[in-house]
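Presented below is the structure to which this report refers.
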There are 4 protein chains.
Amino acid sequence: MSVLTPPSRTTVRVRYAETDRMDVVYYANFLVWFEIARVELLRQLGFDYKKMETEDDCMLPVVDVTCRYKAPAHYDDLIVIETRIASMRTSMLKFSYEVYLAGPPAADGSLTVDKLLASGETTHVIVGYGMQKTVLPEKYARVIRAKLGLSQDDEEV
Amino acid sequence: MSVLTPPSRTTVRVRYAETDRMDVVYYANFLVWFEIARVELLRQLGFDYKKMETEDDCMLPVVDVTCRYKAPAHYDDLIVIETRIASMRTSMLKFSYEVYLAGPPAADGSLTVDKLLASGETTHVIVGYGMQKTVLPEKYARVIRAKLGLSQDDEEV
Amino acid sequence: MSVLTPPSRTTVRVRYAETDRMDVVYYANFLVWFEIARVELLRQLGFDYKKMETEDDCMLPVVDVTCRYKAPAHYDDLIVIETRIASMRTSMLKFSYEVYLAGPPAADGSLTVDKLLASGETTHVIVGYGMQKTVLPEKYARVIRAKLGLSQDDEEV
Amino acid sequence: MSVLTPPSRTTVRVRYAETDRMDVVYYANFLVWFEIARVELLRQLGFDYKKMETEDDCMLPVVDVTCRYKAPAHYDDLIVIETRIASMRTSMLKFSYEVYLAGPPAADGSLTVDKLLASGETTHVIVGYGMQKTVLPEKYARVIRAKLGLSQDDEEV
């Protein structure tokens, strides 16, 4: 069963260092933005990824990434990344990303999005010390299940 | 029709700057290696990608990338990237990559490969000035068709 | 004559991609932060550096950088960069930077700084198309002189 | 006393990822090249920097860097970095770098250098576990003293 949480939104401003001689953002940098966006999603769920690594010995290395590029991003653009947890298994997490150019702020000052620049997914395994596969600690899994509207039995295994 | 050219081999030495706090190469850097490897493949076909851009107004932005990570790369590792042209259409090129840890040199000093660290593909459209879609100039297409063992009619469209 | 404008403050959150295997921010990334900070300082002066390049054919390549590292920055740290225009000549601009770890927010929610992590300077020449040396357009020079409390005669030449 | 060892030479090929929208190598990337060059110098002295860190608990974080940029480096340029140990104290090492555009190969195939693109220095402290200052292990100091033509008494303290 694959479900989607409501998206988390993160913004980045394109850095000069991220551009290349084609005057667009170099393609590998979208994966850096994915990483920023998924850590912010975790923060919004109440997780501190740094503590997950340091205190809970729980790391989430990427085992698979895909990215489809629709339109280039340019220097100084404000970028909005919408991120979702796409699925969870006992020792696997999957995130999906949509990267937008920011639109003009709404009347109430809130963020709007203009055109879609790229979309992608990352798949992560849960590992502990020495890169040994492990399971996501229950305190994290519980929160994600609640967000995904899953019971423990629904969880993909 | 999808065919594979014999692979081009490129080596890179892992830079300190490419590692992260997990003591492995940060995942986005594999895409930088893909880029180095495909430019070297083009060089081995007799193409100078810089001149393709500058003199022939022919750029190859990436529209799709996938990468599957099998095992981590570490600081100072010698890495071997095997690259192939996976397919060609009139305005599209597809490359595939296999990233290996280098093994000990063979008796004759030649490069050997140890375990597979990652594999991936990139899909590129051919664009000219202003990012307008165009076709691969015939002088390049001819060489690639020859390498792929294709006649002009076989070319994917 | 060398004077200091009141500092501009910019914040960045340390990215996973910016760390290295020593579990600290890789030293070259401080120069990326310097660049972000000086563009934000220019923005606070009412300048859009992208338009300076695109519309006024006025680029500011770095000819000299120094950075002194006092203490490491770590993953997910909130970083505050205080930036000043240190001096201006007709075809040269000098910026200075102090990089701090952010402290806990003040009672009124405002940003505070904890310990100094690094300090540095960058020197820039003003160039136009084809990297030819030129002078800073008067509309920019006027604003900087005002901020620096300089008359046109005081300007370093 | 400050002396210069004969230079070590390292080459790098400019990566697409290292360029920026000004169509030159982004300034922070010269510091990445400095790092590559000093590790190669150490390798030529018979040191394996990775083992220095892993087996001898001896790390060399940078405490000071300067770089002066004379001319830009461009995509696909072959770059030659000449590196020297500029000075050594019991718990400090200083390297100097000259970054050149490669010239055409000499008649005997050997590397030549064209114009100077940049020069710089890095100063490193010797630290062990937990970033505590320590001294350079004698097995390394001995080799460097020999190369510098120093007796143990000459060593700067």
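By order in the structure tokens, chains are A, B, ...; within a chain, residues start at 1; ligands start at 1, following the order shown.
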
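Non-sequential neighbours of Ile79 (chain C) (distance at most 7 Å, separation of 4 or more positions within a chain, only C-alpha atoms) are Thr11, Val12, Arg13, Val99, Tyr100, Leu101 and Ala102 of chain C.
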
_as a VMD selection string, could you give me every residue of chain C near chain A (at most 9 Å apart, counting only C-alpha atoms)?_
chain C and resid 15 to 17 32 35 to 36 49 to 50 75 to 76

_With DSSP run on the backbone, what are the strand (DSSP E or B) residues within region 5-145 of chain D? I'd like them as a PyMOL selection string._
chain D and resi 8-13+19+25+59+62-69+78-89+92-102+113-125+127+133

_DSSP helix (DSSP H, G or I) residues within chain A, as a PyMOL selection string_ = chain A and resi 16-18+29-44+49-54+129-131+138-148

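For Asp57 (chain B), the list of residues within 9 Å, based on only C-alpha atoms and with local chain neighbours fewer than 2 positions off taken out, reads Lys51, Met52, Glu53, Thr54, Glu55, Met59, Val127, Gly128 and Tyr129 of chain B.
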
*Could you please determine the separation between CA of Tyr69 (chain A) and CA of Arg84 (chain A) in Å, to one decimal place?*
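Separation of CA of Tyr69 (chain A) and CA of Arg84 (chain A): 18.3 Å.
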
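Counting only C-alpha atoms, the residue from C:Val113, C:Val65, C:Leu60, C:Leu148 that sits nearest to Phe34 (chain C) is C:Val65.
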
*Which residues, written as an NGL selection string, have at least one atom at most 7 Å from Thr19 (chain A), with only C-alpha atoms counted and residues fewer than 4 positions away on the same chain left out?*
(:A and (23-26 or 75)) or (:D and (20-21))

*asked:* Just want the 9 Å neighbourhood of His124 (chain C), counted on only C-alpha atoms, with same-chain residues fewer than 5 positions away dropped. Output as a ChimeraX atom specification.
replied: /C:60-64,91-95

*Quick one: pull the distance between CA of Val125 (chain C) and CA of Leu78 (chain D), Å, one decimal.*
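CA of Leu78 (chain D) lies 25.4 Å from CA of Val125 (chain C).
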
*asked:* Can you measure CA of Gln44 (chain B) to CA of Ile126 (chain B) for me? One decimal in Å is fine.
replied: 19.6 Å
